[in-house]
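K.L.:
Next comes the structure file query-v2.cif, holding mmCIF, C-alpha atoms.
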```
data_query
loop_
_atom_site.label_atom_id
_atom_site.label_comp_id
_atom_site.auth_asym_id
_atom_site.auth_seq_id
_atom_site.Cartn_x
_atom_site.Cartn_y
_atom_site.Cartn_z
CA MET C 1 9.28 -4.19 7.25
CA SER C 2 6.00 -5.84 8.20
CA ILE C 3 2.45 -5.70 6.88
CA ASP C 4 -0.52 -5.98 9.26
CA THR C 5 -3.12 -8.04 7.38
CA THR C 6 -5.89 -7.92 10.03
CA PHE C 7 -5.87 -4.34 11.37
CA PHE C 8 -8.30 -2.94 8.78
CA GLY C 9 -10.86 -5.66 9.48
CA LEU C 10 -10.88 -4.89 13.22
CA LEU C 11 -12.09 -1.34 12.72
CA ARG C 12 -15.76 -0.49 13.29
CA LYS C 13 -15.94 2.01 10.46
CA HIS C 14 -18.43 4.85 10.89
CA GLN C 15 -17.24 6.94 7.95
CA ILE C 16 -14.73 6.16 5.23
CA ARG C 17 -13.24 7.80 2.18
CA PHE C 18 -11.36 5.70 -0.37
CA ARG C 19 -10.35 7.47 -3.54
CA LEU C 20 -7.68 7.78 -6.18
CA SER C 21 -5.34 10.74 -5.78
CA GLU C 22 -3.46 11.74 -8.93
CA PRO C 23 -1.27 14.86 -8.69
CA VAL C 24 -1.90 16.92 -11.82
CA GLU C 25 -0.63 20.36 -12.78
CA THR C 26 -3.05 22.52 -14.77
CA ASN C 27 -2.15 25.62 -16.81
CA ARG C 28 -4.46 27.81 -18.85
CA LEU C 29 -3.01 29.56 -21.88
CA ALA C 30 -4.01 33.00 -23.14
CA SER C 31 -5.73 31.24 -26.04
CA GLY C 32 -8.04 29.48 -23.58
CA GLU C 33 -6.40 26.10 -24.05
CA VAL C 34 -5.96 24.13 -20.81
CA LEU C 35 -2.83 22.02 -20.45
CA THR C 36 -2.43 19.27 -17.87
CA ALA C 37 0.59 17.23 -16.79
CA SER C 38 1.11 14.45 -14.29
CA LEU C 39 3.30 15.28 -11.29
CA GLY C 40 3.71 11.77 -9.94
CA ALA C 41 2.18 8.37 -9.33
CA ALA C 42 -1.57 8.05 -8.82
CA LEU C 43 -2.14 6.49 -5.39
CA TRP C 44 -5.17 5.32 -3.43
CA VAL C 45 -5.75 7.36 -0.28
CA GLY C 46 -8.41 7.23 2.41
CA GLU C 47 -9.73 8.40 5.74
CA ILE C 48 -11.42 6.37 8.48
CA THR C 49 -13.59 7.56 11.36
CA CYS C 50 -14.54 4.82 13.82
CA PHE C 51 -17.73 4.24 15.80
CA GLN C 52 -17.43 4.64 19.54
CA ALA C 53 -15.83 1.60 21.15
CA HIS C 54 -15.68 0.18 24.64
CA TYR C 55 -12.31 0.63 26.31
CA SER C 56 -11.63 -3.11 26.04
CA VAL C 57 -11.98 -2.90 22.26
CA ALA C 58 -10.29 0.47 21.81
CA GLN C 59 -7.16 -0.57 23.67
CA GLU C 60 -6.23 -3.19 21.06
CA ILE C 61 -6.87 -0.81 18.16
CA GLU C 62 -4.80 1.90 19.87
CA ALA C 63 -1.95 -0.56 20.38
CA ARG C 64 -2.04 -1.50 16.69
CA ILE C 65 -2.00 2.20 15.74
CA ASP C 66 1.02 2.71 18.02
CA LYS C 67 2.90 0.04 16.08
CA LEU C 68 1.78 1.24 12.65
CA GLN C 69 3.25 4.69 13.28
CA ARG C 70 6.77 3.24 13.27
CA PRO C 71 8.86 3.53 10.10
CA GLY C 72 8.63 0.40 7.96
CA GLU C 73 5.21 -0.64 9.30
CA PHE C 74 2.29 -1.00 6.87
CA PHE C 75 -1.19 -2.49 6.70
CA GLU C 76 -3.50 -3.85 4.04
CA ALA C 77 -6.51 -1.67 3.16
CA TYR C 78 -9.41 -1.88 0.73
CA ASP C 79 -12.66 -0.12 -0.13
CA PRO C 80 -15.15 -1.71 2.32
CA ARG C 81 -18.14 -0.51 0.30
CA PHE C 82 -17.51 -3.20 -2.29
CA ASN C 83 -16.63 -6.80 -1.55
CA GLY C 84 -16.44 -8.11 -5.10
CA PRO C 85 -17.70 -7.43 -8.63
CA LYS C 86 -21.16 -5.89 -8.95
CA SER C 87 -22.48 -9.09 -10.56
CA ASP C 88 -20.82 -11.36 -7.99
CA PRO C 89 -20.31 -9.44 -4.71
CA ASP C 90 -19.43 -12.50 -2.64
CA GLY C 91 -17.29 -14.24 -5.26
CA VAL C 92 -19.67 -17.20 -5.39
CA LEU C 93 -19.85 -17.32 -9.19
CA LEU C 94 -16.09 -16.98 -9.41
CA GLY C 95 -15.71 -20.08 -7.26
CA ALA C 96 -12.34 -21.76 -7.63
CA SER C 97 -11.49 -19.99 -10.87
CA THR C 98 -8.07 -18.33 -10.95
CA PRO C 99 -8.12 -15.36 -13.33
CA VAL C 100 -4.84 -14.01 -14.71
CA ILE C 101 -3.78 -11.13 -16.92
CA ALA C 102 -4.03 -12.42 -20.48
CA SER C 103 -2.71 -9.35 -22.31
CA LEU C 104 -1.62 -5.78 -21.61
CA GLY C 105 -2.40 -2.86 -23.91
CA GLY C 106 0.39 -0.63 -25.16
CA ASP C 107 -1.37 2.40 -23.64
CA ASN C 108 -0.67 1.15 -20.06
CA ARG C 109 -4.34 1.44 -19.17
CA SER C 110 -6.03 -1.49 -20.90
CA LEU C 111 -5.83 -5.25 -20.49
CA THR C 112 -7.67 -8.54 -20.82
CA LEU C 113 -8.20 -11.34 -18.30
CA SER C 114 -8.44 -15.09 -18.81
CA GLY C 115 -9.34 -17.95 -16.49
CA LEU C 116 -12.79 -16.61 -15.64
CA PRO C 117 -16.03 -18.62 -15.67
CA SER C 118 -17.87 -18.52 -18.98
CA GLY C 119 -20.03 -15.39 -19.20
CA TYR C 120 -18.53 -13.83 -16.05
CA GLU C 121 -19.39 -10.15 -15.96
CA LEU C 122 -17.19 -7.28 -14.83
CA SER C 123 -18.76 -3.83 -14.54
CA ALA C 124 -17.43 -0.29 -14.64
CA GLY C 125 -16.49 0.56 -11.05
CA ASP C 126 -15.43 -2.97 -10.07
CA TYR C 127 -12.04 -3.32 -8.42
CA ILE C 128 -9.32 -5.72 -9.52
CA GLY C 129 -5.88 -6.17 -8.03
CA TRP C 130 -2.66 -8.13 -8.14
CA GLN C 131 0.82 -8.29 -6.69
CA TYR C 132 3.95 -7.78 -8.75
CA GLY C 133 7.67 -7.24 -8.42
CA THR C 134 10.13 -8.45 -5.81
CA ASN C 135 11.97 -6.77 -2.97
CA PRO C 136 9.55 -5.22 -2.39
CA VAL C 137 6.43 -6.96 -3.62
CA ARG C 138 4.04 -4.22 -4.76
CA PHE C 139 0.26 -4.26 -4.35
CA ALA C 140 -1.78 -2.91 -7.27
CA VAL C 141 -5.48 -2.04 -7.14
CA HIS C 142 -7.34 -0.76 -10.20
CA ARG C 143 -10.93 0.23 -10.91
CA LEU C 144 -12.58 -0.65 -14.19
CA ALA C 145 -13.50 2.33 -16.35
CA THR C 146 -15.37 0.07 -18.78
CA GLY C 147 -17.11 -3.26 -18.29
CA ALA C 148 -16.28 -6.60 -19.87
CA THR C 149 -17.90 -10.05 -20.10
CA ALA C 150 -15.86 -13.24 -20.44
CA ASP C 151 -16.50 -15.40 -23.46
CA GLY C 152 -17.09 -19.14 -23.42
CA ALA C 153 -13.37 -19.76 -22.86
CA GLY C 154 -13.21 -17.37 -19.90
CA LEU C 155 -11.40 -14.60 -21.82
CA THR C 156 -12.58 -10.98 -21.57
CA PRO C 157 -12.45 -8.39 -24.32
CA ILE C 158 -10.05 -5.52 -23.70
CA PHE C 159 -11.12 -3.07 -20.99
CA GLU C 160 -9.69 0.06 -19.42
CA VAL C 161 -8.69 0.67 -15.80
CA SER C 162 -7.59 3.48 -13.51
CA PRO C 163 -4.88 4.17 -12.53
CA HIS C 164 -2.52 3.22 -15.33
CA VAL C 165 -0.90 -0.22 -15.14
CA ARG C 166 2.61 0.26 -13.82
CA THR C 167 5.88 -1.04 -15.21
CA GLY C 168 6.78 -4.50 -13.93
CA VAL C 169 3.37 -6.12 -14.35
CA THR C 170 3.49 -9.12 -16.67
CA VAL C 171 1.10 -11.36 -18.58
CA GLY C 172 0.16 -14.39 -16.47
CA THR C 173 0.00 -12.45 -13.19
CA ALA C 174 -2.76 -13.77 -10.91
CA VAL C 175 -5.65 -11.33 -10.40
CA ASN C 176 -7.81 -10.86 -7.29
CA LEU C 177 -11.42 -9.76 -7.79
CA VAL C 178 -12.64 -10.02 -4.17
CA ARG C 179 -11.51 -7.17 -1.92
CA PRO C 180 -8.20 -6.49 -3.65
CA ARG C 181 -5.93 -4.67 -1.21
CA ILE C 182 -3.35 -1.94 -1.24
CA LYS C 183 -0.32 -1.73 1.02
CA ALA C 184 -0.99 1.38 3.09
CA ARG C 185 0.89 3.73 5.38
CA LEU C 186 -0.89 5.18 8.42
CA MET C 187 -1.14 8.97 8.48
CA SER C 188 -2.35 11.57 11.02
CA PRO C 189 -3.74 9.25 13.72
CA ASP C 190 -6.21 10.67 16.25
CA TYR C 191 -7.05 8.32 19.13
CA GLY C 192 -10.37 10.10 19.83
CA ASN C 193 -11.80 11.22 23.15
CA ALA C 194 -12.58 9.13 26.21
CA ARG C 195 -15.83 9.27 28.12
CA PRO C 196 -17.08 6.82 30.74
CA MET C 197 -16.52 3.28 29.39
CA PHE C 198 -16.17 4.38 25.76
CA THR C 199 -13.77 6.05 23.34
CA GLU C 200 -15.26 7.99 20.44
CA GLY C 201 -14.03 9.99 17.46
CA ALA C 202 -10.95 7.89 16.68
CA ARG C 203 -9.81 8.57 13.12
CA PHE C 204 -6.82 8.46 10.80
CA SER C 205 -5.90 8.79 7.16
CA PHE C 206 -3.82 6.47 5.03
CA THR C 207 -2.05 6.42 1.70
CA GLN C 208 -0.97 3.65 -0.62
CA THR C 209 2.73 2.96 -0.81
CA LEU C 210 4.57 1.27 -3.66
CA ARG C 211 7.62 0.43 -1.53
#
```
Would it be possible to restate this file's structure as structure tokens?

P.N.:
Amino acid sequence: MSIDTTFFGLLRKHQIRFRLSEPVETNRLASGEVLTASLGAALWVGEITCFQAHYSVAQEIEARIDKLQRPGEFFEAYDPRFNGPKSDPDGVLLGASTPVIASLGGDNRSLTLSGLPSGYELSAGDYIGWQYGTNPVRFAVHRLATGATADGAGLTPIFEVSPHVRTGVTVGTAVNLVRPRIKARLMSPDYGNARPMFTEGARFSFTQTLR
């Protein structure tokens, strides 16, 4: 197994979708009550359409796509619309701080962070991520459902995230606030169409993997 850490950054992205996909079954009773149940893990999925590219650029991307179609090949992906927290998009205020998970809520969807600069602000919609587990190491990315501001000691109040925090994550795990990344599997590649000197319309989808 190998993970391509630079492929995603090479792409000249014209259009992108990055969203959370949670399989849910819905049933409506005769009484009008609606029942829902989870059918599996919530995973980040996405689609990329690239700008037209000169042959000399497209050939490298096509070669990387060739490799990523093989079983056991993955790449790192992220939501390119957001680099870092809303209040600190470039991570300048974060500086050399090393935030970690300070506590985990019993509901599997809430937590606190420590190790942040005093007064550091996290907003609803910000991404956070971490790695956990061994053989394989899993990549987690979560989006804040509620905001939180660190106190003078760098500790946040409890806040909620989506998706739920998975089993295996522990207190003290290092947290990434700047472009946290998923481990992704390439799906449905389309190399696009060639015209003189350029290739256009290249696109593919991807899905997070926990393996």

K.L.:
When distances are computed from only C-alpha atoms, which of C:Val24, C:Ala140, C:Leu113, C:Leu104 shows the smallest separation from Arg211 of chain C?

P.N.:
C:Ala140

K.L.:
Selected by the PyMOL selection byres ((chain C and resi 191-201) around 10) in the shown coordinates: which residues, as an NGL selection string?

P.N.:
:C and (14 or 49-59 or 61-62 or 65-66 or 188-190 or 202-204)

K.L.:
Can you give me, as a VMD selection string, the residues this file yields under the PyMOL selection byres ((chain C and resi 175) around 8)?

P.N.:
chain C and resid 98 to 101 128 to 130 173 to 174 176 to 177

K.L.:
Rank nothing, just name the residue among C:Ala30, C:Val171, C:Val165, C:Leu122 nearest to Ala148 of chain C, using all atoms listed in the file.

P.N.:
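That would be C:Leu122, the residue with the smallest distance to Ala148 of chain C.
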
K.L.:
How would you write as an MDAnalysis selection string the residues that get within 12 Å of (-20.6, 1.5, -0.5) in the file's frame, counting only C-alpha atoms?

P.N.:
chainID C and resid 13 15:18 78:84 86 89 125:126

K.L.:
Which of these residues is nearest to Gly40 of chain C, using all atoms listed in the file: C:Gly95, C:Pro163, C:Arg179, C:Gly119?

P.N.:
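Among the listed residues, the smallest separation from Gly40 of chain C belongs to C:Pro163.
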
K.L.:
Select, from C:Ala124, C:Val169, C:Ala145, C:Leu11, the residue with the minimum atom-to-atom distance to Ser87 of chain C, counting all atoms listed in the file.

P.N.:
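When distances to Ser87 of chain C are compared using all atoms listed in the file, the smallest one comes from C:Ala124.
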
K.L.:
Quick one: pull the distance between atom CA of Ile3 of chain C and atom CA of Glu76 of chain C, Å, one decimal.

P.N.:
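Going from atom CA of Ile3 of chain C over to atom CA of Glu76 of chain C covers 6.8 Å.
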
K.L.:
Any idea what the distance is between atom CA of Phe139 of chain C and atom CA of Val178 of chain C?

P.N.:
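The value is 14.1 Å.
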
K.L.:
Exactly which residues make up the result of the PyMOL selection byres ((chain C and resi 209) around 12) on this file, given as a CSV table (one decimal) with C-alpha atoms, in the frame of the given file?

P.N.:
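So the final result, stored in expr.csv, reads:
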```
chain,number,residue,atom,x,y,z
C,3,ILE,CA,2.4,-5.7,6.9
C,41,ALA,CA,2.2,8.4,-9.3
C,42,ALA,CA,-1.6,8.0,-8.8
C,43,LEU,CA,-2.1,6.5,-5.4
C,44,TRP,CA,-5.2,5.3,-3.4
C,45,VAL,CA,-5.8,7.4,-0.3
C,72,GLY,CA,8.6,0.4,8.0
C,73,GLU,CA,5.2,-0.6,9.3
C,74,PHE,CA,2.3,-1.0,6.9
C,75,PHE,CA,-1.2,-2.5,6.7
C,76,GLU,CA,-3.5,-3.8,4.0
C,77,ALA,CA,-6.5,-1.7,3.2
C,136,PRO,CA,9.6,-5.2,-2.4
C,137,VAL,CA,6.4,-7.0,-3.6
C,138,ARG,CA,4.0,-4.2,-4.8
C,139,PHE,CA,0.3,-4.3,-4.4
C,140,ALA,CA,-1.8,-2.9,-7.3
C,141,VAL,CA,-5.5,-2.0,-7.1
C,181,ARG,CA,-5.9,-4.7,-1.2
C,182,ILE,CA,-3.4,-1.9,-1.2
C,183,LYS,CA,-0.3,-1.7,1.0
C,184,ALA,CA,-1.0,1.4,3.1
C,185,ARG,CA,0.9,3.7,5.4
C,186,LEU,CA,-0.9,5.2,8.4
C,187,MET,CA,-1.1,9.0,8.5
C,206,PHE,CA,-3.8,6.5,5.0
C,207,THR,CA,-2.0,6.4,1.7
C,208,GLN,CA,-1.0,3.6,-0.6
C,210,LEU,CA,4.6,1.3,-3.7
C,211,ARG,CA,7.6,0.4,-1.5
```

K.L.:
So how many Å separate atom CA of Tyr127 of chain C and atom CA of Asp151 of chain C, to one decimal?

P.N.:
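About the pair atom CA of Tyr127 of chain C and atom CA of Asp151 of chain C: they are 19.8 Å apart.
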
K.L.:
Using all atoms listed in the file, which of the listed residues (C:Glu60, C:Glu22, C:Glu47, C:Glu33) sits closest to His164 of chain C?

P.N.:
C:Glu22

K.L.:
Find the residue from C:Thr5, C:Ser38, C:Ser110, C:Asn135 that sits nearest to Leu68 of chain C; use only C-alpha atoms when measuring.

P.N.:
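Ranked by minimum distance to Leu68 of chain C, first place goes to C:Thr5.
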
K.L.:
Limit the output to N, CA, C and O atoms and give segment 77-114 of chain C as an mmCIF file, in the first residue's frame.

P.N.:
```cif
data_model
loop_
_atom_site.group_PDB
_atom_site.id
_atom_site.type_symbol
_atom_site.label_atom_id
_atom_site.label_comp_id
_atom_site.auth_asym_id
_atom_site.auth_seq_id
_atom_site.Cartn_x
_atom_site.Cartn_y
_atom_site.Cartn_z
ATOM 1 N N ALA C 77 -6.368 13.804 0.170
ATOM 2 C CA ALA C 77 -7.265 14.811 -0.402
ATOM 3 C C ALA C 77 -7.816 15.689 0.710
ATOM 4 O O ALA C 77 -7.849 15.296 1.884
ATOM 5 N N TYR C 78 -8.251 16.881 0.335
ATOM 6 C CA TYR C 78 -8.774 17.842 1.295
ATOM 7 C C TYR C 78 -9.761 18.749 0.563
ATOM 8 O O TYR C 78 -9.908 18.680 -0.663
ATOM 9 N N ASP C 79 -10.441 19.590 1.315
ATOM 10 C CA ASP C 79 -11.360 20.561 0.721
ATOM 11 C C ASP C 79 -10.551 21.815 0.371
ATOM 12 O O ASP C 79 -10.171 22.570 1.269
ATOM 13 N N PRO C 80 -10.268 22.061 -0.912
ATOM 14 C CA PRO C 80 -9.389 23.180 -1.273
ATOM 15 C C PRO C 80 -10.027 24.551 -1.091
ATOM 16 O O PRO C 80 -9.353 25.564 -1.236
ATOM 17 N N ARG C 81 -11.312 24.595 -0.764
ATOM 18 C CA ARG C 81 -11.955 25.894 -0.536
ATOM 19 C C ARG C 81 -11.472 26.541 0.757
ATOM 20 O O ARG C 81 -11.539 27.767 0.911
ATOM 21 N N PHE C 82 -11.007 25.713 1.677
ATOM 22 C CA PHE C 82 -10.645 26.218 3.001
ATOM 23 C C PHE C 82 -9.250 25.722 3.372
ATOM 24 O O PHE C 82 -9.016 24.518 3.436
ATOM 25 N N ASN C 83 -8.367 26.635 3.636
ATOM 26 C CA ASN C 83 -6.994 26.275 3.992
ATOM 27 C C ASN C 83 -6.849 26.010 5.480
ATOM 28 O O ASN C 83 -6.157 25.087 5.903
ATOM 29 N N GLY C 84 -7.491 26.847 6.286
ATOM 30 C CA GLY C 84 -7.407 26.728 7.739
ATOM 31 C C GLY C 84 -8.655 27.290 8.375
ATOM 32 O O GLY C 84 -9.646 27.570 7.698
ATOM 33 N N PRO C 85 -8.677 27.476 9.684
ATOM 34 C CA PRO C 85 -9.842 28.038 10.359
ATOM 35 C C PRO C 85 -10.242 29.394 9.771
ATOM 36 O O PRO C 85 -9.399 30.141 9.254
ATOM 37 N N LYS C 86 -11.506 29.717 9.875
ATOM 38 C CA LYS C 86 -12.034 30.975 9.348
ATOM 39 C C LYS C 86 -11.286 32.176 9.919
ATOM 40 O O LYS C 86 -11.020 33.156 9.214
ATOM 41 N N SER C 87 -10.919 32.105 11.196
ATOM 42 C CA SER C 87 -10.246 33.223 11.851
ATOM 43 C C SER C 87 -8.738 33.235 11.605
ATOM 44 O O SER C 87 -8.065 34.199 11.952
ATOM 45 N N ASP C 88 -8.220 32.165 10.999
ATOM 46 C CA ASP C 88 -6.772 32.037 10.817
ATOM 47 C C ASP C 88 -6.496 31.161 9.584
ATOM 48 O O ASP C 88 -5.907 30.084 9.700
ATOM 49 N N PRO C 89 -6.907 31.622 8.393
ATOM 50 C CA PRO C 89 -6.870 30.767 7.204
ATOM 51 C C PRO C 89 -5.483 30.274 6.812
ATOM 52 O O PRO C 89 -5.372 29.213 6.193
ATOM 53 N N ASP C 90 -4.450 31.000 7.150
ATOM 54 C CA ASP C 90 -3.100 30.578 6.795
ATOM 55 C C ASP C 90 -2.335 29.951 7.959
ATOM 56 O O ASP C 90 -1.155 29.617 7.828
ATOM 57 N N GLY C 91 -2.982 29.811 9.101
ATOM 58 C CA GLY C 91 -2.324 29.209 10.253
ATOM 59 C C GLY C 91 -1.272 30.087 10.897
ATOM 60 O O GLY C 91 -0.457 29.593 11.686
ATOM 61 N N VAL C 92 -1.302 31.386 10.599
ATOM 62 C CA VAL C 92 -0.293 32.295 11.139
ATOM 63 C C VAL C 92 -0.453 32.452 12.651
ATOM 64 O O VAL C 92 0.534 32.419 13.410
ATOM 65 N N LEU C 93 -1.694 32.625 13.107
ATOM 66 C CA LEU C 93 -1.932 32.800 14.536
ATOM 67 C C LEU C 93 -1.635 31.524 15.306
ATOM 68 O O LEU C 93 -1.205 31.573 16.466
ATOM 69 N N LEU C 94 -1.837 30.397 14.659
ATOM 70 C CA LEU C 94 -1.550 29.117 15.304
ATOM 71 C C LEU C 94 -0.058 28.971 15.552
ATOM 72 O O LEU C 94 0.369 28.465 16.592
ATOM 73 N N GLY C 95 0.743 29.438 14.591
ATOM 74 C CA GLY C 95 2.190 29.417 14.750
ATOM 75 C C GLY C 95 2.725 28.027 15.032
ATOM 76 O O GLY C 95 2.372 27.051 14.370
ATOM 77 N N ALA C 96 3.550 27.930 16.057
ATOM 78 C CA ALA C 96 4.180 26.659 16.408
ATOM 79 C C ALA C 96 3.382 25.879 17.443
ATOM 80 O O ALA C 96 3.878 24.862 17.960
ATOM 81 N N SER C 97 2.187 26.337 17.745
ATOM 82 C CA SER C 97 1.360 25.632 18.726
ATOM 83 C C SER C 97 1.015 24.236 18.215
ATOM 84 O O SER C 97 0.860 24.018 17.007
ATOM 85 N N THR C 98 0.881 23.297 19.132
ATOM 86 C CA THR C 98 0.588 21.908 18.763
ATOM 87 C C THR C 98 -0.659 21.442 19.511
ATOM 88 O O THR C 98 -0.564 20.826 20.575
ATOM 89 N N PRO C 99 -1.832 21.733 18.958
ATOM 90 C CA PRO C 99 -3.072 21.343 19.635
ATOM 91 C C PRO C 99 -3.238 19.832 19.690
ATOM 92 O O PRO C 99 -2.798 19.101 18.799
ATOM 93 N N VAL C 100 -3.891 19.370 20.748
ATOM 94 C CA VAL C 100 -4.189 17.950 20.930
ATOM 95 C C VAL C 100 -5.613 17.818 21.448
ATOM 96 O O VAL C 100 -6.219 18.789 21.937
ATOM 97 N N ILE C 101 -6.162 16.614 21.331
ATOM 98 C CA ILE C 101 -7.467 16.330 21.911
ATOM 99 C C ILE C 101 -7.319 16.285 23.432
ATOM 100 O O ILE C 101 -6.526 15.509 23.966
ATOM 101 N N ALA C 102 -8.074 17.133 24.109
ATOM 102 C CA ALA C 102 -7.991 17.201 25.567
ATOM 103 C C ALA C 102 -9.012 16.293 26.247
ATOM 104 O O ALA C 102 -8.754 15.741 27.317
ATOM 105 N N SER C 103 -10.190 16.145 25.630
ATOM 106 C CA SER C 103 -11.214 15.262 26.180
ATOM 107 C C SER C 103 -12.165 14.865 25.064
ATOM 108 O O SER C 103 -12.295 15.553 24.056
ATOM 109 N N LEU C 104 -12.816 13.727 25.249
ATOM 110 C CA LEU C 104 -13.777 13.196 24.287
ATOM 111 C C LEU C 104 -15.108 12.999 24.988
ATOM 112 O O LEU C 104 -15.170 12.391 26.069
ATOM 113 N N GLY C 105 -16.191 13.503 24.388
ATOM 114 C CA GLY C 105 -17.508 13.346 24.976
ATOM 115 C C GLY C 105 -18.023 11.920 24.834
ATOM 116 O O GLY C 105 -17.671 11.204 23.886
ATOM 117 N N GLY C 106 -18.863 11.503 25.747
ATOM 118 C CA GLY C 106 -19.431 10.169 25.700
ATOM 119 C C GLY C 106 -20.405 9.955 24.562
ATOM 120 O O GLY C 106 -20.786 8.820 24.268
ATOM 121 N N ASP C 107 -20.808 11.048 23.878
ATOM 122 C CA ASP C 107 -21.752 10.931 22.765
ATOM 123 C C ASP C 107 -21.060 10.659 21.440
ATOM 124 O O ASP C 107 -21.710 10.559 20.398
ATOM 125 N N ASN C 108 -19.721 10.569 21.430
ATOM 126 C CA ASN C 108 -18.918 10.305 20.220
ATOM 127 C C ASN C 108 -19.007 11.415 19.175
ATOM 128 O O ASN C 108 -18.644 11.194 18.014
ATOM 129 N N ARG C 109 -19.458 12.581 19.568
ATOM 130 C CA ARG C 109 -19.523 13.681 18.610
ATOM 131 C C ARG C 109 -19.060 15.012 19.197
ATOM 132 O O ARG C 109 -19.158 16.050 18.540
ATOM 133 N N SER C 110 -18.568 14.990 20.409
ATOM 134 C CA SER C 110 -18.102 16.223 21.042
ATOM 135 C C SER C 110 -16.735 16.000 21.655
ATOM 136 O O SER C 110 -16.360 14.889 22.029
ATOM 137 N N LEU C 111 -15.963 17.083 21.746
ATOM 138 C CA LEU C 111 -14.603 17.010 22.276
ATOM 139 C C LEU C 111 -14.124 18.388 22.669
ATOM 140 O O LEU C 111 -14.785 19.395 22.388
ATOM 141 N N THR C 112 -12.959 18.429 23.305
ATOM 142 C CA THR C 112 -12.269 19.687 23.577
ATOM 143 C C THR C 112 -10.838 19.553 23.087
ATOM 144 O O THR C 112 -10.305 18.448 22.959
ATOM 145 N N LEU C 113 -10.212 20.703 22.791
ATOM 146 C CA LEU C 113 -8.813 20.746 22.391
ATOM 147 C C LEU C 113 -8.023 21.555 23.400
ATOM 148 O O LEU C 113 -8.543 22.507 24.004
ATOM 149 N N SER C 114 -6.763 21.220 23.551
ATOM 150 C CA SER C 114 -5.830 22.016 24.343
ATOM 151 C C SER C 114 -4.595 22.282 23.499
ATOM 152 O O SER C 114 -4.426 21.731 22.412
#
```
